[in-house]
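Printed here is upload.cif (mmCIF, C-alpha atoms):
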data_model
loop_
_atom_site.group_PDB
_atom_site.id
_atom_site.type_symbol
_atom_site.label_atom_id
_atom_site.label_comp_id
_atom_site.auth_asym_id
_atom_site.auth_seq_id
_atom_site.Cartn_x
_atom_site.Cartn_y
_atom_site.Cartn_z
ATOM 1 C CA MET A 74 105.543 72.487 168.253
ATOM 2 C CA MET A 75 107.773 75.559 167.904
ATOM 3 C CA ILE A 76 110.238 74.097 170.422
ATOM 4 C CA PHE A 77 110.447 70.880 168.383
ATOM 5 C CA ILE A 78 111.135 72.790 165.155
ATOM 6 C CA ILE A 79 113.900 74.829 166.772
ATOM 7 C CA SER A 80 115.422 71.703 168.309
ATOM 8 C CA ALA A 81 115.325 69.855 165.003
ATOM 9 C CA GLY A 82 116.949 72.810 163.269
ATOM 10 C CA THR A 83 119.667 72.951 165.898
ATOM 11 C CA PHE A 84 120.339 69.220 165.473
ATOM 12 C CA LEU A 85 120.602 69.645 161.700
ATOM 13 C CA LEU A 86 123.090 72.488 162.056
ATOM 14 C CA LYS A 87 125.195 70.446 164.473
ATOM 15 C CA SER A 88 125.175 67.470 162.101
ATOM 16 C CA GLN A 89 126.300 69.634 159.205
ATOM 17 C CA SER A 90 129.006 71.188 161.351
ATOM 18 C CA ASN A 91 130.320 67.797 162.483
ATOM 19 C CA SER A 92 130.296 66.582 158.884
ATOM 20 C CA THR A 93 132.467 69.502 157.841
ATOM 21 C CA LEU A 94 134.888 68.927 160.692
ATOM 22 C CA ASP A 95 135.355 65.316 159.548
ATOM 23 C CA ASP A 96 136.718 66.467 156.185
ATOM 24 C CA LYS A 97 140.472 66.433 155.670
ATOM 25 C CA VAL A 98 141.564 69.220 153.354
ATOM 26 C CA LEU A 99 144.071 67.850 150.823
ATOM 27 C CA PHE A 100 144.725 71.199 149.153
ATOM 28 C CA ASP A 101 144.635 74.467 151.075
ATOM 29 C CA GLY A 102 144.630 76.725 148.030
ATOM 30 C CA VAL A 103 148.105 78.000 148.830
ATOM 31 C CA SER A 104 150.739 75.261 148.749
ATOM 32 C CA LEU A 105 151.400 71.821 147.308
ATOM 33 C CA ASP A 106 152.248 70.342 150.700
ATOM 34 C CA HIS A 107 152.119 66.514 150.492
ATOM 35 C CA TRP A 108 151.735 66.690 146.710
ATOM 36 C CA GLU A 109 154.407 65.665 144.239
ATOM 37 C CA VAL A 110 154.573 66.540 140.554
ATOM 38 C CA ILE A 111 154.889 63.257 138.659
ATOM 39 C CA ASP A 112 157.911 63.291 136.382
ATOM 40 C CA TYR A 113 156.242 62.147 133.176
ATOM 41 C CA GLU A 114 158.268 62.781 130.038
ATOM 42 C CA GLY A 115 157.023 65.983 128.421
ATOM 43 C CA HIS A 116 154.613 66.743 131.252
ATOM 44 C CA GLY A 117 152.950 70.123 131.620
ATOM 45 C CA ALA A 118 153.919 72.558 134.358
ATOM 46 C CA VAL A 119 152.029 72.397 137.659
ATOM 47 C CA SER A 120 151.282 75.687 139.405
ATOM 48 C CA ILE A 121 148.919 77.359 141.844
ATOM 49 C CA ALA A 122 146.752 80.262 140.708
ATOM 50 C CA ASP A 123 143.562 81.740 142.174
ATOM 51 C CA SER A 124 143.524 79.055 144.903
ATOM 52 C CA CYS A 125 143.559 76.306 142.247
ATOM 53 C CA ILE A 126 146.054 73.674 141.208
ATOM 54 C CA ILE A 127 146.691 74.114 137.496
ATOM 55 C CA ILE A 128 148.008 71.030 135.695
ATOM 56 C CA GLY A 129 149.386 72.344 132.423
ATOM 57 C CA LYS A 130 148.935 70.673 129.063
ATOM 58 C CA GLY A 131 151.743 68.231 128.354
ATOM 59 C CA ASP A 132 152.832 66.137 125.400
ATOM 60 C CA TYR A 133 150.966 63.194 126.907
ATOM 61 C CA ILE A 134 150.226 62.669 130.627
ATOM 62 C CA SER A 135 150.753 65.273 133.335
ATOM 63 C CA GLY A 136 149.780 65.095 136.968
ATOM 64 C CA ILE A 137 150.315 65.071 140.704
ATOM 65 C CA ARG A 138 150.268 62.442 143.447
ATOM 66 C CA TRP A 139 149.549 62.534 147.170
ATOM 67 C CA THR A 140 152.592 61.518 149.241
ATOM 68 C CA ALA A 141 151.053 61.184 152.713
ATOM 69 C CA ASP A 142 148.901 58.369 154.140
ATOM 70 C CA PHE A 143 145.702 57.524 152.304
ATOM 71 C CA PRO A 144 142.937 55.044 153.260
ATOM 72 C CA LYS A 145 142.430 51.838 151.291
ATOM 73 C CA SER A 146 138.657 51.692 151.678
ATOM 74 C CA ASP A 147 135.638 53.372 153.255
ATOM 75 C CA TYR A 148 136.296 56.937 152.176
ATOM 76 C CA GLU A 149 134.998 59.729 149.990
ATOM 77 C CA VAL A 150 136.925 62.259 147.936
ATOM 78 C CA THR A 151 135.290 65.457 146.735
ATOM 79 C CA LEU A 152 136.783 68.160 144.535
ATOM 80 C CA LEU A 153 136.004 70.720 141.891
ATOM 81 C CA ALA A 154 137.609 70.218 138.480
ATOM 82 C CA LYS A 155 137.481 71.865 135.076
ATOM 83 C CA ARG A 156 139.039 71.442 131.666
ATOM 84 C CA VAL A 157 141.089 74.526 130.840
ATOM 85 C CA GLU A 158 142.512 73.547 127.464
ATOM 86 C CA GLY A 159 142.556 70.464 125.259
ATOM 87 C CA ASN A 160 140.017 67.791 124.422
ATOM 88 C CA ASP A 161 140.873 64.745 126.516
ATOM 89 C CA PHE A 162 140.641 63.781 130.168
ATOM 90 C CA PHE A 163 141.200 66.632 132.609
ATOM 91 C CA CYS A 164 140.711 64.555 135.751
ATOM 92 C CA GLY A 165 142.070 61.024 135.838
ATOM 93 C CA MET A 166 141.756 60.191 139.525
ATOM 94 C CA THR A 167 143.788 57.148 140.601
ATOM 95 C CA PHE A 168 142.824 55.748 143.994
ATOM 96 C CA PRO A 169 143.121 52.644 146.201
ATOM 97 C CA VAL A 170 140.474 49.969 146.541
ATOM 98 C CA LYS A 171 141.620 47.630 149.318
ATOM 99 C CA ASP A 172 144.897 46.189 147.987
ATOM 100 C CA SER A 173 144.351 47.310 144.393
ATOM 101 C CA PHE A 174 144.209 50.592 142.512
ATOM 102 C CA VAL A 175 141.956 51.904 139.758
ATOM 103 C CA THR A 176 141.438 55.192 137.899
ATOM 104 C CA LEU A 177 138.267 57.217 137.475
ATOM 105 C CA VAL A 178 138.581 58.790 134.031
ATOM 106 C CA LEU A 179 136.559 61.926 133.321
ATOM 107 C CA GLY A 180 136.418 63.149 129.751
ATOM 108 C CA GLY A 181 138.804 60.772 127.998
ATOM 109 C CA TRP A 182 138.966 59.373 124.473
ATOM 110 C CA GLY A 183 138.155 62.616 122.702
ATOM 111 C CA GLY A 184 136.637 64.477 125.633
ATOM 112 C CA THR A 185 133.451 62.709 126.714
ATOM 113 C CA MET A 186 134.222 59.154 127.854
ATOM 114 C CA CYS A 187 134.036 58.374 131.575
ATOM 115 C CA GLY A 188 134.480 55.208 133.611
ATOM 116 C CA LEU A 189 136.896 53.053 135.577
ATOM 117 C CA SER A 190 140.259 51.828 134.281
ATOM 118 C CA CYS A 191 140.788 48.954 134.489
ATOM 119 C CA ILE A 192 138.272 46.225 135.300
ATOM 120 C CA ASP A 193 139.309 42.674 134.491
ATOM 121 C CA GLY A 194 141.979 44.154 132.242
ATOM 122 C CA TYR A 195 139.612 46.402 130.259
ATOM 123 C CA ASP A 196 139.945 50.185 130.426
ATOM 124 C CA ALA A 197 137.145 52.721 130.753
ATOM 125 C CA ALA A 198 136.469 52.794 127.024
ATOM 126 C CA ASN A 199 135.962 49.037 126.904
ATOM 127 C CA ASN A 200 134.150 47.936 130.061
ATOM 128 C CA TYR A 201 130.612 48.288 131.351
ATOM 129 C CA THR A 202 131.333 51.378 133.473
ATOM 130 C CA SER A 203 131.738 53.455 130.287
ATOM 131 C CA LYS A 204 129.488 56.492 130.045
ATOM 132 C CA ILE A 205 129.381 59.567 127.851
ATOM 133 C CA PHE A 206 129.313 62.963 129.558
ATOM 134 C CA HIS A 207 129.785 66.315 127.832
ATOM 135 C CA PHE A 208 132.052 68.524 129.946
ATOM 136 C CA GLY A 209 133.058 71.249 127.525
ATOM 137 C CA THR A 210 135.818 73.682 128.478
ATOM 138 C CA GLY A 211 135.907 76.256 131.269
ATOM 139 C CA ALA A 212 133.089 74.920 133.452
ATOM 140 C CA TRP A 213 133.649 73.773 137.032
ATOM 141 C CA TRP A 214 132.297 70.326 137.930
ATOM 142 C CA GLN A 215 131.716 68.932 141.408
ATOM 143 C CA VAL A 216 133.254 65.450 141.545
ATOM 144 C CA ARG A 217 132.488 62.978 144.316
ATOM 145 C CA LEU A 218 134.084 59.538 144.637
ATOM 146 C CA ARG A 219 132.945 56.990 147.226
ATOM 147 C CA VAL A 220 134.851 53.744 147.898
ATOM 148 C CA THR A 221 133.670 50.992 150.245
ATOM 149 C CA GLU A 222 134.525 47.329 150.658
ATOM 150 C CA LYS A 223 131.773 46.406 148.210
ATOM 151 C CA LYS A 224 131.317 49.316 145.798
ATOM 152 C CA ILE A 225 132.875 52.160 143.859
ATOM 153 C CA GLU A 226 130.533 55.070 143.147
ATOM 154 C CA ALA A 227 131.163 58.407 141.482
ATOM 155 C CA TRP A 228 129.100 61.487 140.733
ATOM 156 C CA VAL A 229 129.631 64.585 138.616
ATOM 157 C CA ASP A 230 127.364 67.287 139.983
ATOM 158 C CA GLN A 231 124.065 65.419 140.459
ATOM 159 C CA ASP A 232 124.724 62.743 137.832
ATOM 160 C CA LYS A 233 125.836 59.341 139.074
ATOM 161 C CA LEU A 234 128.342 58.142 136.486
ATOM 162 C CA VAL A 235 129.704 55.060 138.280
ATOM 163 C CA ASP A 236 127.822 52.486 140.347
ATOM 164 C CA PHE A 237 130.149 49.508 140.382
ATOM 165 C CA THR A 238 129.879 46.442 142.619
ATOM 166 C CA ILE A 239 133.395 45.074 143.044
ATOM 167 C CA GLY A 240 132.600 41.399 143.686
ATOM 168 C CA ASN A 241 135.332 39.194 142.239
ATOM 169 C CA SER A 242 136.376 41.667 139.546
ATOM 170 C CA GLY A 243 140.075 42.280 139.040
ATOM 171 C CA LEU A 244 141.082 45.931 139.430
ATOM 172 C CA SER A 245 144.253 47.318 137.859
ATOM 173 C CA LEU A 246 145.852 50.395 136.329
ATOM 174 C CA ARG A 247 146.940 51.287 132.864
ATOM 175 C CA MET A 248 150.706 51.345 132.822
ATOM 176 C CA GLU A 249 150.762 55.092 132.100
ATOM 177 C CA VAL A 250 149.348 56.053 135.518
ATOM 178 C CA GLU A 251 151.024 53.510 137.774
ATOM 179 C CA SER A 252 153.273 56.237 139.190
ATOM 180 C CA SER A 253 150.283 58.184 140.530
ATOM 181 C CA VAL A 254 149.531 55.811 143.421
ATOM 182 C CA PRO A 255 148.331 55.844 146.157
ATOM 183 C CA PHE A 256 146.182 58.793 145.118
ATOM 184 C CA GLY A 257 146.819 61.019 142.148
ATOM 185 C CA ILE A 258 145.189 63.189 139.514
ATOM 186 C CA THR A 259 146.365 63.274 135.903
ATOM 187 C CA THR A 260 145.469 64.830 132.560
ATOM 188 C CA TYR A 261 146.167 63.741 128.983
ATOM 189 C CA LYS A 262 147.214 66.334 126.382
ATOM 190 C CA THR A 263 144.932 68.628 128.341
ATOM 191 C CA ALA A 264 145.213 71.361 130.954
ATOM 192 C CA GLY A 265 143.016 70.994 134.018
ATOM 193 C CA ALA A 266 142.283 72.962 137.186
ATOM 194 C CA LEU A 267 141.463 71.554 140.629
ATOM 195 C CA ARG A 268 140.291 73.092 143.873
ATOM 196 C CA ASP A 269 138.621 72.260 147.181
ATOM 197 C CA ILE A 270 140.059 68.721 147.329
ATOM 198 C CA ARG A 271 138.792 66.951 150.438
ATOM 199 C CA LEU A 272 138.928 63.467 151.946
ATOM 200 C CA ARG A 273 136.403 61.991 154.363
ATOM 201 C CA VAL A 274 136.624 58.615 156.094
ATOM 202 C CA ILE A 275 133.185 56.996 156.184
ATOM 203 C CA SER A 276 131.588 54.125 158.058
ATOM 204 C CA GLU A 277 129.067 51.724 156.625
#
As structure tokens, what does this structure read like?
Amino acid sequence: MMIFIISAGTFLLKSQSNSTLDDKVLFDGVSLDHWEVIDYEGHGAVSIADSCIIIGKGDYISGIRWTADFPKSDYEVTLLAKRVEGNDFFCGMTFPVKDSFVTLVLGGWGGTMCGLSCIDGYDAANNYTSKIFHFGTGAWWQVRLRVTEKKIEAWVDQDKLVDFTIGNSGLSLRMEVESSVPFGITTYKTAGALRDIRLRVISE
């Protein structure tokens, strides 16, 4: 019995190790390699401090976009994000879904609205993915996004905020964030911080 327990523990450790090795680090805590500051009018400054990307508060939208290859489906993105200043979305994550793009909005429309923009032309405040979540200011949140051929799912810490079956729904972007494709993170009149951004290709 003891041999079995040790073997099982060894297998678990190997599985966890392999899982970690499959992650692609998108931000190393030091440089903005493969990231581009999006030239929005009146955007906030983007800097690195304490191993975090700081997206400063702008007049309207501020953000960054990934300039290297990015998968269209069957992937997960994980990151830590926090609102530093302001009362609107501090993590608007735009990402591909097959041949379309959509944005996961966290903390928009006054600070608490979450959801996907846009579905069948309706943004996160006006479609059935809308949820209220109280983020506050200064707290780090673990964000996990999972995209497959059939579904879009998203979690904040242990709370599942999005469980969307794509089906025949039309996916699109609000005009304001179209320049953040293929993968980008934006804020609105708000400063946000990001760290530990990782990408993992998954198989169903």
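One distance worth recording is that between CA of Ala266 in chain A and CA of Phe162 in chain A, which is 11.7 Å.
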Hits from the PyMOL selection byres ((chain A and resi 100) around 12), listed as a PDB file with C-alpha atoms, keeping the file's coordinate frame:
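Written output follows (selection-v1.pdb):
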ATOM      1  CA  ASP A  96     136.718  66.467 156.185  1.00  0.00           C
ATOM      2  CA  LYS A  97     140.472  66.433 155.670  1.00  0.00           C
ATOM      3  CA  VAL A  98     141.564  69.220 153.354  1.00  0.00           C
ATOM      4  CA  LEU A  99     144.071  67.850 150.823  1.00  0.00           C
ATOM      5  CA  ASP A 101     144.635  74.467 151.075  1.00  0.00           C
ATOM      6  CA  GLY A 102     144.630  76.725 148.030  1.00  0.00           C
ATOM      7  CA  VAL A 103     148.105  78.000 148.830  1.00  0.00           C
ATOM      8  CA  SER A 104     150.739  75.261 148.749  1.00  0.00           C
ATOM      9  CA  LEU A 105     151.400  71.821 147.308  1.00  0.00           C
ATOM     10  CA  ASP A 106     152.248  70.342 150.700  1.00  0.00           C
ATOM     11  CA  HIS A 107     152.119  66.514 150.492  1.00  0.00           C
ATOM     12  CA  TRP A 108     151.735  66.690 146.710  1.00  0.00           C
ATOM     13  CA  ILE A 121     148.919  77.359 141.844  1.00  0.00           C
ATOM     14  CA  SER A 124     143.524  79.055 144.903  1.00  0.00           C
ATOM     15  CA  CYS A 125     143.559  76.306 142.247  1.00  0.00           C
ATOM     16  CA  ILE A 126     146.054  73.674 141.208  1.00  0.00           C
ATOM     17  CA  ILE A 137     150.315  65.071 140.704  1.00  0.00           C
ATOM     18  CA  ARG A 138     150.268  62.442 143.447  1.00  0.00           C
ATOM     19  CA  TRP A 139     149.549  62.534 147.170  1.00  0.00           C
ATOM     20  CA  VAL A 150     136.925  62.259 147.936  1.00  0.00           C
ATOM     21  CA  THR A 151     135.290  65.457 146.735  1.00  0.00           C
ATOM     22  CA  LEU A 152     136.783  68.160 144.535  1.00  0.00           C
ATOM     23  CA  LEU A 153     136.004  70.720 141.891  1.00  0.00           C
ATOM     24  CA  LEU A 267     141.463  71.554 140.629  1.00  0.00           C
ATOM     25  CA  ARG A 268     140.291  73.092 143.873  1.00  0.00           C
ATOM     26  CA  ASP A 269     138.621  72.260 147.181  1.00  0.00           C
ATOM     27  CA  ILE A 270     140.059  68.721 147.329  1.00  0.00           C
ATOM     28  CA  ARG A 271     138.792  66.951 150.438  1.00  0.00           C
ATOM     29  CA  LEU A 272     138.928  63.467 151.946  1.00  0.00           C
TER      30      LEU A 272
END
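With distances taken from (141.4, 52.7, 129.2) and restricted to all atoms listed in the file, the residues inside 10 Å are Thr176, Leu177, Val178, Gly181, Trp182, Met186, Cys187, Gly188, Leu189, Ser190, Cys191, Ile192, Gly194, Tyr195, Asp196, Ala197, Ala198, Asn199, Asn200, Ser203, Leu246 and Arg247 of chain A.
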What's around Leu179 in chain A at 12 Å? Count only C-alpha atoms, leave out sequence neighbours fewer than 2 positions away in its own chain, and write the answer as a CSV table (one decimal) with C-alpha atoms, in the coordinates of the input.
chain,number,residue,atom,x,y,z
A,154,ALA,CA,137.6,70.2,138.5
A,155,LYS,CA,137.5,71.9,135.1
A,156,ARG,CA,139.0,71.4,131.7
A,160,ASN,CA,140.0,67.8,124.4
A,161,ASP,CA,140.9,64.7,126.5
A,162,PHE,CA,140.6,63.8,130.2
A,163,PHE,CA,141.2,66.6,132.6
A,164,CYS,CA,140.7,64.6,135.8
A,165,GLY,CA,142.1,61.0,135.8
A,166,MET,CA,141.8,60.2,139.5
A,167,THR,CA,143.8,57.1,140.6
A,176,THR,CA,141.4,55.2,137.9
A,177,LEU,CA,138.3,57.2,137.5
A,181,GLY,CA,138.8,60.8,128.0
A,182,TRP,CA,139.0,59.4,124.5
A,183,GLY,CA,138.2,62.6,122.7
A,184,GLY,CA,136.6,64.5,125.6
A,185,THR,CA,133.5,62.7,126.7
A,186,MET,CA,134.2,59.2,127.9
A,187,CYS,CA,134.0,58.4,131.6
A,188,GLY,CA,134.5,55.2,133.6
A,189,LEU,CA,136.9,53.1,135.6
A,190,SER,CA,140.3,51.8,134.3
A,197,ALA,CA,137.1,52.7,130.8
A,198,ALA,CA,136.5,52.8,127.0
A,202,THR,CA,131.3,51.4,133.5
A,203,SER,CA,131.7,53.5,130.3
A,204,LYS,CA,129.5,56.5,130.0
A,205,ILE,CA,129.4,59.6,127.9
A,206,PHE,CA,129.3,63.0,129.6
A,207,HIS,CA,129.8,66.3,127.8
A,208,PHE,CA,132.1,68.5,129.9
A,209,GLY,CA,133.1,71.2,127.5
A,214,TRP,CA,132.3,70.3,137.9
A,215,GLN,CA,131.7,68.9,141.4
A,216,VAL,CA,133.3,65.4,141.5
A,217,ARG,CA,132.5,63.0,144.3
A,218,LEU,CA,134.1,59.5,144.6
A,227,ALA,CA,131.2,58.4,141.5
A,228,TRP,CA,129.1,61.5,140.7
A,229,VAL,CA,129.6,64.6,138.6
A,234,LEU,CA,128.3,58.1,136.5
A,235,VAL,CA,129.7,55.1,138.3
A,258,ILE,CA,145.2,63.2,139.5
A,259,THR,CA,146.4,63.3,135.9
A,260,THR,CA,145.5,64.8,132.6
A,261,TYR,CA,146.2,63.7,129.0
A,263,THR,CA,144.9,68.6,128.3
A,265,GLY,CA,143.0,71.0,134.0
For this structure, which residues satisfy the selection - the PyMOL selection byres ((chain A and resi 112) around 12) - when it is evaluated on the file as given? I want them as a PyMOL selection string. chain A and resi 109-111+113-119+131+133-138+249-250+252-253+259
Just to be explicit: take each residue in the selection above, keep C-alpha atoms, and write the result as a PDB file, in the frame of the given file.
ATOM      1  CA  GLU A 109     154.407  65.665 144.239  1.00  0.00           C
ATOM      2  CA  VAL A 110     154.573  66.540 140.554  1.00  0.00           C
ATOM      3  CA  ILE A 111     154.889  63.257 138.659  1.00  0.00           C
ATOM      4  CA  TYR A 113     156.242  62.147 133.176  1.00  0.00           C
ATOM      5  CA  GLU A 114     158.268  62.781 130.038  1.00  0.00           C
ATOM      6  CA  GLY A 115     157.023  65.983 128.421  1.00  0.00           C
ATOM      7  CA  HIS A 116     154.613  66.743 131.252  1.00  0.00           C
ATOM      8  CA  GLY A 117     152.950  70.123 131.620  1.00  0.00           C
ATOM      9  CA  ALA A 118     153.919  72.558 134.358  1.00  0.00           C
ATOM     10  CA  VAL A 119     152.029  72.397 137.659  1.00  0.00           C
ATOM     11  CA  GLY A 131     151.743  68.231 128.354  1.00  0.00           C
ATOM     12  CA  TYR A 133     150.966  63.194 126.907  1.00  0.00           C
ATOM     13  CA  ILE A 134     150.226  62.669 130.627  1.00  0.00           C
ATOM     14  CA  SER A 135     150.753  65.273 133.335  1.00  0.00           C
ATOM     15  CA  GLY A 136     149.780  65.095 136.968  1.00  0.00           C
ATOM     16  CA  ILE A 137     150.315  65.071 140.704  1.00  0.00           C
ATOM     17  CA  ARG A 138     150.268  62.442 143.447  1.00  0.00           C
ATOM     18  CA  GLU A 249     150.762  55.092 132.100  1.00  0.00           C
ATOM     19  CA  VAL A 250     149.348  56.053 135.518  1.00  0.00           C
ATOM     20  CA  SER A 252     153.273  56.237 139.190  1.00  0.00           C
ATOM     21  CA  SER A 253     150.283  58.184 140.530  1.00  0.00           C
ATOM     22  CA  THR A 259     146.365  63.274 135.903  1.00  0.00           C
TER      23      THR A 259
END
One decimal place gives the CA of Asp147 in chain A-CA of Ala212 in chain A separation as 29.4 Å
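Here CA of Phe143 in chain A stands at a distance of 9.9 Å from CA of Val274 in chain A.
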Of A:Gly211, A:Gly129, A:Pro169, A:Gly159, the one nearest to Pro255 in chain A when counting all atoms listed in the file is A:Pro169
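Proximity ranking of A:Asp193, A:Ser120, A:Ile275, A:Val175 relative to Ile225 in chain A places A:Val175 first, based on only C-alpha atoms.
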In terms of all atoms listed in the file, the residue from A:Glu226, A:Ala264, A:Asp172, A:Arg273 at minimal distance from Gly243 in chain A is A:Asp172
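Residue nearest Glu222 in chain A, chosen from A:Phe256, A:Tyr148, A:Tyr201, A:Phe174 and counting only C-alpha atoms: A:Tyr148.
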